[in-house]
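One file, my_file-v7.txt, is given below (compact mmCIF, C-alpha atoms and all ligand atoms).
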# COMPACT_ATOMS: atom_id res chain seq x y z
CA MET A 234 40.82 -75.82 166.37
CA LYS A 235 40.47 -77.53 169.74
CA GLN A 236 37.01 -77.72 171.27
CA LEU A 237 36.19 -75.28 174.04
CA GLN A 238 35.60 -76.95 177.37
CA LYS A 239 33.43 -75.46 180.06
CA ASP A 240 35.11 -72.64 182.06
CA GLU A 241 37.82 -72.19 179.45
CA ALA A 242 37.12 -68.77 178.07
CA PRO A 243 39.55 -66.21 179.47
CA LEU A 244 38.54 -63.36 177.15
CA ASP A 245 35.03 -63.04 178.59
CA ALA A 246 36.42 -62.97 182.13
CA GLU A 247 38.56 -60.01 181.13
CA CYS A 248 35.80 -58.16 179.27
CA ARG A 249 32.55 -58.74 181.18
CA LYS A 250 33.41 -56.26 183.90
CA ASP A 251 33.59 -53.52 181.24
CA PHE A 252 29.91 -53.89 180.28
CA PRO A 253 27.55 -52.57 182.98
CA ALA A 254 24.38 -53.78 181.23
CA LEU A 255 25.48 -57.40 181.62
CA HIS A 256 25.41 -57.09 185.41
CA GLN A 257 21.68 -56.95 185.97
CA GLU A 258 18.79 -59.27 186.62
CA VAL A 259 15.87 -59.74 184.24
CA HIS A 260 12.74 -61.34 185.69
CA GLY A 261 14.79 -62.14 188.79
CA GLN A 262 17.49 -64.01 186.86
CA PRO A 263 21.01 -62.83 185.95
CA LEU A 264 20.91 -61.55 182.39
CA VAL A 265 22.35 -63.69 179.61
CA TYR A 266 22.62 -61.46 176.56
CA LEU A 267 22.65 -63.39 173.29
CA ASP A 268 21.21 -60.80 170.89
CA ASN A 269 24.48 -59.26 169.81
CA ALA A 270 23.80 -59.53 166.09
CA ALA A 271 20.93 -57.06 166.59
CA SER A 272 22.78 -54.67 168.93
CA SER A 273 25.71 -55.35 171.21
CA GLN A 274 26.15 -53.81 174.66
CA GLN A 275 28.45 -50.84 175.27
CA PRO A 276 31.57 -50.82 177.45
CA VAL A 277 32.05 -48.17 180.14
CA SER A 278 34.71 -46.49 177.98
CA VAL A 279 32.14 -45.80 175.23
CA ILE A 280 29.45 -44.69 177.69
CA GLU A 281 31.88 -42.33 179.43
CA THR A 282 33.31 -40.92 176.21
CA VAL A 283 29.82 -40.04 175.01
CA SER A 284 28.90 -38.68 178.42
CA ARG A 285 32.05 -36.51 178.57
CA TYR A 286 31.20 -35.05 175.18
CA HIS A 287 27.69 -34.19 176.40
CA ARG A 288 28.93 -32.77 179.71
CA ARG A 289 31.91 -30.74 178.46
CA ASP A 290 32.29 -30.52 174.70
CA HIS A 291 28.83 -30.43 173.18
CA ALA A 292 28.90 -28.03 170.21
CA ASN A 293 28.58 -28.23 166.46
CA VAL A 294 31.55 -29.42 164.40
CA HIS A 295 33.54 -27.73 161.61
CA ARG A 296 31.85 -24.38 162.12
CA GLY A 297 32.70 -22.68 165.39
CA VAL A 298 35.75 -20.66 166.32
CA HIS A 299 35.11 -21.26 170.01
CA THR A 300 36.81 -23.83 172.19
CA LEU A 301 33.91 -26.27 172.56
CA SER A 302 33.45 -26.45 168.82
CA HIS A 303 37.18 -27.07 168.38
CA ARG A 304 37.06 -29.85 170.95
CA ALA A 305 34.00 -31.43 169.35
CA THR A 306 35.59 -31.21 165.88
CA GLU A 307 38.84 -32.68 167.10
CA ALA A 308 37.10 -35.65 168.73
CA TYR A 309 34.81 -36.16 165.72
CA GLU A 310 37.61 -36.06 163.16
CA GLY A 311 39.81 -38.12 165.48
CA ALA A 312 37.16 -40.85 165.33
CA ARG A 313 37.34 -40.77 161.52
CA ASP A 314 41.09 -41.41 161.75
CA LYS A 315 40.46 -44.35 164.10
CA ILE A 316 37.91 -45.81 161.67
CA GLN A 317 40.36 -45.40 158.78
CA ALA A 318 43.06 -47.28 160.70
CA PHE A 319 40.60 -49.92 161.97
CA ILE A 320 39.61 -51.06 158.46
CA ASN A 321 42.95 -50.05 156.90
CA ALA A 322 41.51 -47.61 154.37
CA ALA A 323 44.16 -45.85 152.29
CA SER A 324 42.89 -42.37 153.16
CA ARG A 325 40.59 -40.61 155.63
CA ARG A 326 38.91 -39.11 152.55
CA GLU A 327 37.44 -42.59 151.99
CA ILE A 328 35.60 -42.68 155.33
CA VAL A 329 32.06 -41.29 155.04
CA LEU A 330 30.17 -41.08 158.34
CA THR A 331 26.54 -42.14 158.02
CA SER A 332 23.64 -43.16 160.25
CA GLY A 333 24.40 -46.85 159.73
CA THR A 334 24.77 -49.68 157.24
CA THR A 335 21.32 -48.97 155.83
CA GLU A 336 22.17 -45.40 154.89
CA SER A 337 25.57 -46.44 153.57
CA VAL A 338 24.04 -48.97 151.16
CA ASN A 339 21.32 -46.54 150.04
CA LEU A 340 23.98 -43.89 149.42
CA VAL A 341 25.87 -46.19 147.06
CA ALA A 342 22.69 -47.38 145.34
CA GLN A 343 21.49 -43.85 144.66
CA SER A 344 24.70 -41.95 144.14
CA TYR A 345 26.98 -44.50 142.47
CA CYS A 346 24.59 -46.92 140.77
CA ARG A 347 21.52 -44.92 139.81
CA PRO A 348 23.31 -42.68 137.29
CA ARG A 349 25.12 -45.68 135.81
CA LEU A 350 22.30 -48.23 135.46
CA ALA A 351 19.87 -48.69 132.56
CA ALA A 352 17.47 -51.34 131.27
CA GLY A 353 19.39 -54.51 130.44
CA ASP A 354 21.91 -54.00 133.24
CA LYS A 355 22.04 -56.28 136.28
CA VAL A 356 22.79 -55.87 139.98
CA LEU A 357 23.92 -59.09 141.64
CA ILE A 358 23.23 -59.91 145.30
CA THR A 359 22.85 -63.18 147.24
CA HIS A 360 19.93 -65.00 148.85
CA LEU A 361 21.56 -64.40 152.25
CA GLU A 362 21.21 -60.62 152.37
CA HIS A 363 19.64 -58.49 155.10
CA HIS A 364 16.79 -56.32 153.80
CA ALA A 365 19.19 -53.36 154.00
CA ASN A 366 21.17 -54.97 151.19
CA ILE A 367 18.11 -55.98 149.16
CA VAL A 368 15.56 -53.18 149.17
CA PRO A 369 17.93 -50.34 148.15
CA TRP A 370 18.81 -52.44 145.07
CA GLN A 371 15.16 -53.17 144.31
CA LEU A 372 14.51 -49.44 144.47
CA VAL A 373 17.35 -48.52 142.15
CA CYS A 374 16.37 -51.32 139.74
CA GLU A 375 12.81 -49.98 139.65
CA GLN A 376 14.15 -46.48 139.01
CA THR A 377 16.48 -47.52 136.18
CA GLY A 378 14.94 -50.63 134.62
CA ALA A 379 17.90 -52.75 135.70
CA GLU A 380 17.38 -56.32 136.88
CA LEU A 381 18.16 -57.68 140.35
CA VAL A 382 19.81 -61.10 140.17
CA VAL A 383 20.13 -63.32 143.25
CA ALA A 384 22.83 -65.94 143.80
CA PRO A 385 21.35 -69.13 145.33
CA ILE A 386 22.16 -70.86 148.64
CA ASN A 387 22.17 -74.49 149.74
CA ASP A 388 20.58 -76.32 152.71
CA ARG A 389 23.49 -75.41 154.97
CA GLY A 390 22.98 -71.72 154.26
CA GLU A 391 26.10 -71.41 152.10
CA LEU A 392 26.29 -69.93 148.63
CA VAL A 393 25.94 -72.72 146.09
CA ASP A 394 29.48 -73.48 145.00
CA GLY A 395 30.40 -71.46 141.91
CA ALA A 396 26.80 -70.29 141.30
CA LEU A 397 27.47 -66.61 141.95
CA GLU A 398 30.47 -66.61 139.65
CA GLN A 399 28.32 -68.23 136.93
CA LEU A 400 25.85 -65.37 137.21
CA ILE A 401 28.55 -62.78 136.50
CA ASP A 402 28.09 -61.90 132.85
CA ASP A 403 28.67 -58.80 130.72
CA ASP A 404 25.42 -57.22 131.93
CA VAL A 405 26.32 -57.25 135.63
CA ARG A 406 27.21 -53.70 136.60
CA PHE A 407 27.42 -54.03 140.37
CA ILE A 408 27.70 -56.70 143.07
CA ALA A 409 26.49 -56.17 146.66
CA ILE A 410 27.02 -58.97 149.21
CA SER A 411 27.29 -59.42 152.93
CA GLN A 412 30.55 -60.58 154.42
CA VAL A 413 28.70 -62.44 157.20
CA SER A 414 24.98 -63.34 157.12
CA ASN A 415 23.05 -61.88 160.05
CA ALA A 416 20.38 -64.60 160.05
CA LEU A 417 22.67 -67.64 159.77
CA GLY A 418 26.21 -66.47 160.54
CA THR A 419 27.54 -67.82 157.22
CA ILE A 420 30.88 -66.27 156.27
CA LEU A 421 30.80 -65.66 152.53
CA PRO A 422 33.86 -66.26 150.33
CA VAL A 423 34.08 -62.55 149.61
CA LYS A 424 37.72 -62.46 148.52
CA ASP A 425 37.06 -65.01 145.77
CA ILE A 426 33.92 -63.20 144.68
CA ILE A 427 35.74 -59.86 144.57
CA ALA A 428 38.55 -61.42 142.52
CA SER A 429 36.01 -62.73 139.98
CA ALA A 430 34.29 -59.34 139.87
CA LYS A 431 37.58 -57.48 139.45
CA ALA A 432 38.52 -59.71 136.51
CA ARG A 433 35.46 -58.22 134.77
CA GLY A 434 35.85 -54.70 136.14
CA ILE A 435 32.68 -54.89 138.27
CA PRO A 436 32.63 -52.87 141.51
CA VAL A 437 31.71 -54.68 144.74
CA LEU A 438 30.03 -53.42 147.92
CA LEU A 439 30.45 -55.49 151.06
CA ASP A 440 27.86 -55.28 153.82
CA GLY A 441 30.22 -55.68 156.75
CA ALA A 442 27.70 -55.06 159.55
CA GLN A 443 28.12 -58.57 160.98
CA ALA A 444 31.83 -58.83 160.22
CA VAL A 445 33.47 -55.85 161.94
CA PRO A 446 32.67 -56.86 165.56
CA HIS A 447 34.04 -60.36 165.04
CA MET A 448 37.06 -60.36 162.74
CA GLN A 449 39.85 -58.18 161.42
CA VAL A 450 38.73 -56.28 158.33
CA ASP A 451 41.22 -54.81 155.87
CA VAL A 452 39.47 -53.12 152.96
CA GLN A 453 42.67 -52.85 150.92
CA ASP A 454 43.40 -56.54 151.34
CA LEU A 455 39.77 -57.40 150.52
CA ASP A 456 40.03 -55.07 147.50
CA CYS A 457 36.34 -54.13 147.82
CA ASP A 458 35.11 -50.82 146.40
CA PHE A 459 32.61 -50.03 149.13
CA PHE A 460 32.27 -51.36 152.68
CA ALA A 461 29.33 -50.56 154.99
CA PHE A 462 28.91 -51.09 158.73
CA SER A 463 27.08 -49.86 161.86
CA GLY A 464 28.27 -48.67 165.27
CA HIS A 465 25.66 -50.40 167.41
CA LYS A 466 26.72 -53.92 166.48
CA MET A 467 30.34 -53.24 167.45
CA PHE A 468 29.86 -51.93 171.01
CA GLY A 469 29.23 -48.35 169.87
CA PRO A 470 26.15 -46.12 169.86
CA THR A 471 23.08 -46.45 167.64
CA GLY A 472 22.41 -44.14 164.70
CA VAL A 473 25.99 -44.02 163.47
CA GLY A 474 27.80 -45.99 160.82
CA VAL A 475 30.36 -45.89 158.08
CA LEU A 476 30.62 -46.06 154.34
CA TYR A 477 34.12 -46.78 153.12
CA GLY A 478 34.44 -45.99 149.43
CA ARG A 479 37.42 -46.21 147.10
CA GLU A 480 38.51 -42.60 146.63
CA SER A 481 38.34 -42.59 142.82
CA LEU A 482 34.74 -43.88 142.93
CA LEU A 483 33.62 -41.45 145.65
CA GLU A 484 35.16 -38.62 143.60
CA SER A 485 33.08 -39.65 140.61
CA MET A 486 29.78 -39.66 142.52
CA PRO A 487 27.31 -36.79 142.96
CA PRO A 488 26.28 -35.86 146.52
CA TYR A 489 23.61 -38.06 148.08
CA GLN A 490 21.93 -35.24 150.01
CA GLY A 491 22.25 -31.46 149.88
CA GLY A 492 22.62 -29.12 152.84
CA GLY A 493 25.12 -27.55 155.17
CA ASP A 494 28.71 -28.81 155.42
CA MET A 495 28.68 -30.61 152.06
CA ILE A 496 29.33 -27.39 150.11
CA LEU A 497 32.26 -25.09 149.43
CA GLU A 498 30.21 -22.23 148.03
CA VAL A 499 26.51 -21.67 147.44
CA SER A 500 24.90 -19.04 145.25
CA PHE A 501 21.68 -19.01 143.26
CA ASP A 502 23.81 -19.50 140.16
CA GLY A 503 25.06 -22.80 141.46
CA THR A 504 26.84 -24.66 144.22
CA THR A 505 30.29 -26.15 144.46
CA TYR A 506 30.59 -29.23 146.62
CA ASN A 507 32.95 -29.84 149.48
CA ASP A 508 35.92 -32.18 149.26
CA LEU A 509 35.74 -35.83 150.27
CA PRO A 510 34.42 -37.11 152.53
CA TYR A 511 32.33 -34.04 153.48
CA LYS A 512 30.59 -34.00 150.10
CA PHE A 513 28.53 -36.90 151.46
CA GLU A 514 27.92 -35.55 154.95
CA ALA A 515 25.13 -33.00 154.64
CA GLY A 516 23.81 -31.37 157.81
CA THR A 517 24.78 -31.67 161.44
CA PRO A 518 26.01 -35.22 161.98
CA ASN A 519 25.55 -37.59 164.91
CA ILE A 520 28.54 -36.07 166.69
CA SER A 521 28.31 -37.95 169.97
CA GLY A 522 27.63 -41.19 168.11
CA VAL A 523 30.72 -40.81 165.95
CA ILE A 524 32.86 -40.00 168.98
CA GLY A 525 31.40 -43.03 170.77
CA LEU A 526 32.17 -45.19 167.74
CA GLY A 527 35.79 -44.03 167.97
CA ALA A 528 35.84 -45.19 171.60
CA ALA A 529 34.31 -48.55 170.60
CA ILE A 530 37.11 -49.03 168.08
CA ASP A 531 39.68 -48.22 170.78
CA TYR A 532 38.02 -50.89 172.91
CA LEU A 533 38.01 -53.54 170.18
CA GLN A 534 41.64 -52.84 169.38
CA SER A 535 42.68 -52.96 173.01
CA VAL A 536 41.17 -56.45 173.24
CA GLY A 537 42.53 -57.54 169.85
CA MET A 538 40.49 -58.70 166.86
CA ASP A 539 42.39 -61.97 166.53
CA ARG A 540 41.67 -62.88 170.15
CA ILE A 541 38.01 -61.98 169.68
CA ALA A 542 37.72 -64.13 166.55
CA LYS A 543 39.38 -67.10 168.27
CA HIS A 544 37.25 -66.83 171.42
CA GLU A 545 34.01 -66.53 169.46
CA LYS A 546 34.88 -69.38 167.12
CA GLN A 547 35.48 -71.70 170.08
CA LEU A 548 32.30 -70.51 171.77
CA LEU A 549 30.23 -70.93 168.60
CA ASP A 550 31.49 -74.50 168.25
CA TYR A 551 30.51 -75.11 171.88
CA MET A 552 27.07 -73.54 171.35
CA MET A 553 26.38 -75.55 168.18
CA ARG A 554 27.44 -78.74 169.98
CA ARG A 555 25.26 -78.05 173.04
CA LEU A 556 22.24 -76.97 170.98
CA GLY A 557 22.67 -80.00 168.74
CA GLU A 558 22.25 -82.24 171.81
CA ILE A 559 18.71 -80.96 172.45
CA ASP A 560 15.95 -83.31 171.29
CA GLY A 561 13.62 -81.76 168.75
CA ILE A 562 15.95 -78.92 167.75
CA ARG A 563 16.53 -77.96 164.14
CA LEU A 564 19.68 -75.93 163.58
CA ILE A 565 19.21 -73.54 160.68
CA GLY A 566 22.46 -72.42 159.09
CA THR A 567 25.22 -75.00 159.40
CA ALA A 568 27.77 -73.59 156.97
CA ALA A 569 31.34 -74.79 157.24
CA GLU A 570 32.49 -71.19 157.70
CA LYS A 571 30.43 -69.37 160.33
CA ALA A 572 30.70 -66.50 162.77
CA SER A 573 28.95 -65.99 166.09
CA VAL A 574 25.33 -66.67 165.09
CA GLN A 575 23.08 -69.72 165.37
CA SER A 576 19.46 -69.83 164.23
CA PHE A 577 17.22 -72.67 165.33
CA MET A 578 13.69 -74.00 165.75
CA VAL A 579 12.60 -76.19 168.69
CA ASP A 580 9.89 -78.80 168.10
CA ASP A 581 6.88 -76.89 166.82
CA ILE A 582 7.23 -74.08 169.35
CA HIS A 583 6.74 -70.72 167.66
CA PRO A 584 9.99 -68.73 167.90
CA HIS A 585 8.19 -65.81 169.60
CA ASP A 586 6.84 -68.12 172.31
CA LEU A 587 10.27 -69.59 172.77
CA GLY A 588 11.86 -66.12 173.00
CA THR A 589 9.30 -65.03 175.59
CA ILE A 590 9.85 -68.10 177.77
CA LEU A 591 13.61 -67.61 177.52
CA ASP A 592 13.26 -63.94 178.46
CA HIS A 593 11.44 -64.97 181.63
CA GLN A 594 14.53 -66.99 182.49
CA GLY A 595 16.78 -63.98 181.88
CA VAL A 596 18.01 -65.17 178.47
CA ALA A 597 17.79 -62.60 175.68
CA ILE A 598 17.71 -64.00 172.15
CA ARG A 599 16.23 -62.67 168.94
CA THR A 600 13.17 -64.21 167.32
CA GLY A 601 11.53 -63.47 163.99
CA HIS A 602 12.69 -63.05 160.42
CA HIS A 603 15.82 -61.06 161.30
CA CYS A 604 15.18 -58.68 158.38
CA ALA A 605 16.07 -61.56 156.09
CA MET A 606 12.68 -62.82 154.89
CA PRO A 607 14.08 -64.50 151.74
CA VAL A 608 16.32 -66.65 153.98
CA MET A 609 13.29 -67.64 156.08
CA ASP A 610 11.35 -68.48 152.89
CA PHE A 611 14.22 -70.65 151.69
CA PHE A 612 14.11 -72.71 154.90
CA GLY A 613 10.29 -72.76 154.89
CA VAL A 614 9.92 -71.06 158.28
CA PRO A 615 8.18 -67.83 159.29
CA GLY A 616 11.12 -66.97 161.50
CA THR A 617 13.71 -68.54 163.77
CA ALA A 618 15.12 -68.18 167.25
CA ARG A 619 18.64 -66.76 166.98
CA ALA A 620 21.41 -66.72 169.56
CA SER A 621 24.33 -64.48 168.66
CA LEU A 622 27.60 -64.18 170.52
CA ALA A 623 29.99 -61.39 171.40
CA LEU A 624 33.38 -61.23 173.04
CA TYR A 625 31.85 -61.14 176.55
CA ASN A 626 29.79 -64.33 176.23
CA ASN A 627 30.95 -67.60 177.73
CA THR A 628 30.09 -71.26 178.16
CA ASP A 629 27.89 -70.47 181.17
CA ASP A 630 25.75 -68.27 178.92
CA VAL A 631 25.38 -71.14 176.47
CA ASP A 632 24.53 -73.56 179.29
CA ARG A 633 21.86 -71.16 180.56
CA LEU A 634 20.46 -70.96 177.01
CA VAL A 635 20.27 -74.75 176.78
CA THR A 636 18.64 -75.06 180.22
CA ALA A 637 16.07 -72.40 179.28
CA ILE A 638 15.24 -74.21 176.04
CA ASP A 639 14.80 -77.47 177.98
CA LYS A 640 12.33 -75.67 180.26
CA ALA A 641 10.41 -74.33 177.28
CA ARG A 642 10.17 -77.85 175.88
CA GLN A 643 8.77 -79.07 179.22
CA ILE A 644 6.18 -76.29 179.20
CA PHE A 645 5.06 -77.24 175.68
CA SER A 646 5.22 -81.03 176.15
C1 LIG B 1 24.05 -57.84 157.71
C2 LIG B 1 23.32 -56.58 158.09
N1 LIG B 1 23.23 -55.60 157.19
C3 LIG B 1 22.60 -54.45 157.47
C4 LIG B 1 22.00 -54.24 158.68
C5 LIG B 1 21.33 -52.93 158.95
O1 LIG B 1 22.03 -52.23 159.92
P1 LIG B 1 21.45 -50.84 160.48
O2 LIG B 1 20.05 -51.12 160.93
O3 LIG B 1 22.39 -50.51 161.61
O4 LIG B 1 21.53 -49.85 159.37
C6 LIG B 1 22.05 -55.24 159.65
C7 LIG B 1 21.37 -55.08 160.95
O5 LIG B 1 20.90 -56.04 161.53
C8 LIG B 1 22.74 -56.44 159.34
O6 LIG B 1 22.83 -57.43 160.24

Would you write the structure of this file as C-alpha cells?
Amino acid sequence: MKQLQKDEAPLDAECRKDFPALHQEVHGQPLVYLDNAASSQQPVSVIETVSRYHRRDHANVHRGVHTLSHRATEAYEGARDKIQAFINAASRREIVLTSGTTESVNLVAQSYCRPRLAAGDKVLITHLEHHANIVPWQLVCEQTGAELVVAPINDRGELVDGALEQLIDDDVRFIAISQVSNALGTILPVKDIIASAKARGIPVLLDGAQAVPHMQVDVQDLDCDFFAFSGHKMFGPTGVGVLYGRESLLESMPPYQGGGDMILEVSFDGTTYNDLPYKFEAGTPNISGVIGLGAAIDYLQSVGMDRIAKHEKQLLDYMMRRLGEIDGIRLIGTAAEKASVQSFMVDDIHPHDLGTILDHQGVAIRTGHHCAMPVMDFFGVPGTARASLALYNNTDDVDRLVTAIDKARQIFS
C-alpha cells in the first residue's frame, strides 16, 4: 500500500464536519482527538436520532398499545435488523442487545460455558486480551474447576506463530480471543484459529470491540460462534452493545438474567422463557442507546467500511513513521498486521505526565494499562501512552501529536 503523504486524506475531510465534538478548543488549542479505542465521538446523525427519540418517541418497548410505544419498538427492533445486516448474521434471532462487550462476554461465560465446564476442562484465551475477555473466564474457571490457558505473544505483540494451535488439545472446551488488541492494535489471525478450533469442534467467541469500527465484519464468513462488541467505540452511545450468537447455541443456553420481557408465561409453578433473542434481554433495555447504535451503523455504512479501513491503514502507517522519528521513543506493539492503535513510551517520562502535557496542547490520548495489565507486564511497563485513530483523523492530527511529544521532551530534558 502506498505511503500516505501529508494532506492526502480525503475521508477525514468528508467526515470531520459530522462530528461536533471535534470542533472545539481544549486549553486554548484546537482539539486533536486520538482516544478512539476508548470511546469514539458521535456524528450529528446519532446525536439527533437519540434526541428525536427522547423528544418524541420515549416510551417502553414491546409492551404498549399506544403510538409512542409502537414508535419506540419499531425503532428499537429496526436497529436490531441493522445490526444483523452490519455483521451479516443469518438471523435477527442471533442478535442479543446488551450493555456492551463486557456484558456480552459475561453472558457467554455464565450461560454457555458454566453449565458445560468441569475440572480438567480448559478455556483458551491469549495474552493480548482486554480484562473484559479475561476476568469473566477466570470467574467461570473458579466456579467450575476448569483451567484458563493463555496463548503467548512475541516482542512485536503478535501471537507466537502456531503456539495457540499447539495449546488446542482434547481438554479445551472453549476459545475466547480478541479480533484486534485494544492495547497494541494487533490484528489476530482469527480465521485460522477458528478453522483449527472447528476441526476439533470447539466453539469460539471473538471480542470484536476494536474490530467493528475499523473493518468489515462478517460473522458467517468468520464462522465464529459468538461475537461481542460495544456501541461507544463505533460512533454510537455508551451503555449499549451486542452479542451475536449462533442460533443453535443460543437455543441451548439458559437465560442469563430473569425478569420482564424474557418470559412467555410466569406462574409460581414455573416460567416459560421467551423466544430468541428476547430470552436474553431481561428488563427494560437501553432503548435510546440501541436506536443510537442503529444510527451509528447507518453512518458507518454510508461512509463505507472498506474506505474506512484503507484510510486508517494509511494513517496508521504515517503515524508509526512519524512517531518512529522521535528520539527516545519506544513503540510498543509493532505487529505486521495492525489496526488504528499505537502504544508508546517516551524517554523515561511517565505516561500519565506525558498525557497531561499533551492534553494541555489540546491532544487527547489515553495513558495507563488500557485494561490489559498482562500486556503491560509482558513489555515490562506499568502502562503506555496510546494514540488511536478513527475515520475522522488526519495527518495534521498526527503532526500535532508529534509536536506535542517534542514539547514534552523539552520540558523533561
Ligand atoms: C478489546 C476490548 N474488549 C472489551 C472492551 C470492553 O468494552 P466495554 O467497556 O464497552 O464493555 C474493550 C473496551 O475498551 C475493548 O477494547

(request) Enter the distance from atom CA of A:Arg599 to atom CA of A:Ile408, in Å, rounded to one decimal. (result) 28.9 Å

(request) Counting all atoms listed in the file, select every polymer residue within 10 Å of (19.4, -70.7, 181.2) as defined in the file's coordinates, and provide the selection as a PyMOL selection string. (result) chain A and resi 262-265+591-597+629-640

(request) All residues within 10 Å of ligand LIG 1 (chain B) are required, counting all atoms listed in the file; please report them as a PyMOL selection string. (result) chain A and resi 269-272+331-339+361-367+410-416+418+439-444+461-466+471-475+603-605

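The gap separating atom CA of A:Phe407 from atom CA of A:Cys346 is 7.7 Å, in Å to one decimal.
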
(message) Give me the residues near A:Arg325 as JSON, numbers by chain, where near means some atom within 10 Å (using only C-alpha atoms) and where sequence neighbours in that chain fewer than 2 positions away do not count.
(response) {"A": [310, 313, 314, 315, 316, 317, 318, 321, 322, 323, 327, 328, 329, 477, 480, 509, 510]}

Write out as an mmCIF file with C-alpha atoms, keeping the file's coordinate frame the residues lying within 8 Å of A:Val279, counting all atoms listed in the file and excluding same-chain residues fewer than 6 positions away.
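Saved file out_35.cif follows:
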data_model
loop_
_atom_site.group_PDB
_atom_site.id
_atom_site.type_symbol
_atom_site.label_atom_id
_atom_site.label_comp_id
_atom_site.auth_asym_id
_atom_site.auth_seq_id
_atom_site.Cartn_x
_atom_site.Cartn_y
_atom_site.Cartn_z
ATOM 1 C CA PHE A 468 29.860 -51.930 171.010
ATOM 2 C CA GLY A 469 29.230 -48.350 169.870
ATOM 3 C CA GLY A 525 31.400 -43.030 170.770
ATOM 4 C CA LEU A 526 32.170 -45.190 167.740
ATOM 5 C CA ALA A 528 35.840 -45.190 171.600
ATOM 6 C CA ALA A 529 34.310 -48.550 170.600
#

(request) Find the spatial neighbours of A:Asn626, counting only C-alpha atoms, within a cut-off of 8 Å - ignore same-chain residues fewer than 6 positions away - and output them as a VMD selection string. (result) chain A and resid 245 249 266 to 267

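Distance annotation: of A:Gly261, A:Gly566, A:Pro436, A:Pro615, the residue with the minimal separation from A:Asp388 is A:Gly566; atom set is all atoms listed in the file.
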
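If you measure from each of A:Gly353, A:Pro253, A:Pro369, A:Gly478 to A:Ile320 using only C-alpha atoms, the closest one turns out to be A:Gly478.
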
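Summary of the local environment: counting all atoms listed in the file, residues at most 9 Å from A:Ala396, other than itself and those fewer than 2 positions away along its chain, are A:Ala384, A:Pro385, A:Ile386, A:Leu392, A:Val393, A:Asp394, A:Glu398, A:Gln399, A:Leu400.
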
(request) Write out as a list in words the residues lying within 8 Å of A:Ala620, counting all atoms listed in the file and excluding same-chain residues fewer than 6 positions away. (result) Leu267, Asp268, Val574, Gln575, Ser576, Ile598 and Arg599 of chain A

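One finds atom CA of A:Ser573 at 6.1 Å from atom CA of A:Glu545.
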
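Checking A:Phe645, A:Tyr489, A:Tyr625, A:Phe459 one by one against A:Pro243, counting only C-alpha atoms, you find the shortest gap at A:Tyr625.
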
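Shortest separation to A:Phe611 among A:Glu258, A:Asp251, A:Glu391, A:Glu558 occurs at residue A:Glu391, atoms counted being only C-alpha atoms.
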
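Counting only C-alpha atoms, the residue from A:Val608, A:Leu483, A:Met495, A:Val579 that sits nearest to A:Ala641 is A:Val579.
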
(message) I need the residue nearest A:Ile358 from this list: A:Arg326, A:Arg540, A:Arg406, A:His260. Use all atoms listed in the file for the distance.
(response) A:Arg406

Repaired coordinates for stretch 486-497 of chain A (N, CA and C atoms) as an mmCIF file, in the coordinates of the input:
data_model
loop_
_atom_site.group_PDB
_atom_site.id
_atom_site.type_symbol
_atom_site.label_atom_id
_atom_site.label_comp_id
_atom_site.auth_asym_id
_atom_site.auth_seq_id
_atom_site.Cartn_x
_atom_site.Cartn_y
_atom_site.Cartn_z
ATOM 1 N N MET A 486 31.204 -39.580 142.174
ATOM 2 C CA MET A 486 29.780 -39.660 142.520
ATOM 3 C C MET A 486 29.211 -38.285 142.881
ATOM 4 N N PRO A 487 27.960 -38.027 142.496
ATOM 5 C CA PRO A 487 27.310 -36.790 142.960
ATOM 6 C C PRO A 487 26.939 -36.910 144.432
ATOM 7 N N PRO A 488 26.714 -35.777 145.125
ATOM 8 C CA PRO A 488 26.280 -35.860 146.520
ATOM 9 C C PRO A 488 24.992 -36.669 146.627
ATOM 10 N N TYR A 489 24.809 -37.250 147.796
ATOM 11 C CA TYR A 489 23.610 -38.060 148.080
ATOM 12 C C TYR A 489 22.507 -37.149 148.598
ATOM 13 N N GLN A 490 22.891 -36.216 149.481
ATOM 14 C CA GLN A 490 21.930 -35.240 150.010
ATOM 15 C C GLN A 490 22.584 -33.864 149.967
ATOM 16 N N GLY A 491 21.728 -32.826 149.862
ATOM 17 C CA GLY A 491 22.250 -31.460 149.880
ATOM 18 C C GLY A 491 21.989 -30.802 151.224
ATOM 19 N N GLY A 492 22.834 -29.838 151.580
ATOM 20 C CA GLY A 492 22.620 -29.120 152.840
ATOM 21 C C GLY A 492 23.910 -28.507 153.310
ATOM 22 N N GLY A 493 23.925 -28.153 154.582
ATOM 23 C CA GLY A 493 25.120 -27.550 155.170
ATOM 24 C C GLY A 493 26.263 -28.545 155.199
ATOM 25 N N ASP A 494 27.473 -28.026 155.239
ATOM 26 C CA ASP A 494 28.710 -28.810 155.420
ATOM 27 C C ASP A 494 29.167 -29.548 154.172
ATOM 28 N N MET A 495 28.240 -29.854 153.244
ATOM 29 C CA MET A 495 28.680 -30.610 152.060
ATOM 30 C C MET A 495 29.038 -29.670 150.896
ATOM 31 N N ILE A 496 29.083 -28.371 151.183
ATOM 32 C CA ILE A 496 29.330 -27.390 150.110
ATOM 33 C C ILE A 496 30.628 -26.617 150.369
ATOM 34 N N LEU A 497 31.185 -26.074 149.279
ATOM 35 C CA LEU A 497 32.260 -25.090 149.430
ATOM 36 C C LEU A 497 31.681 -23.688 149.276
#
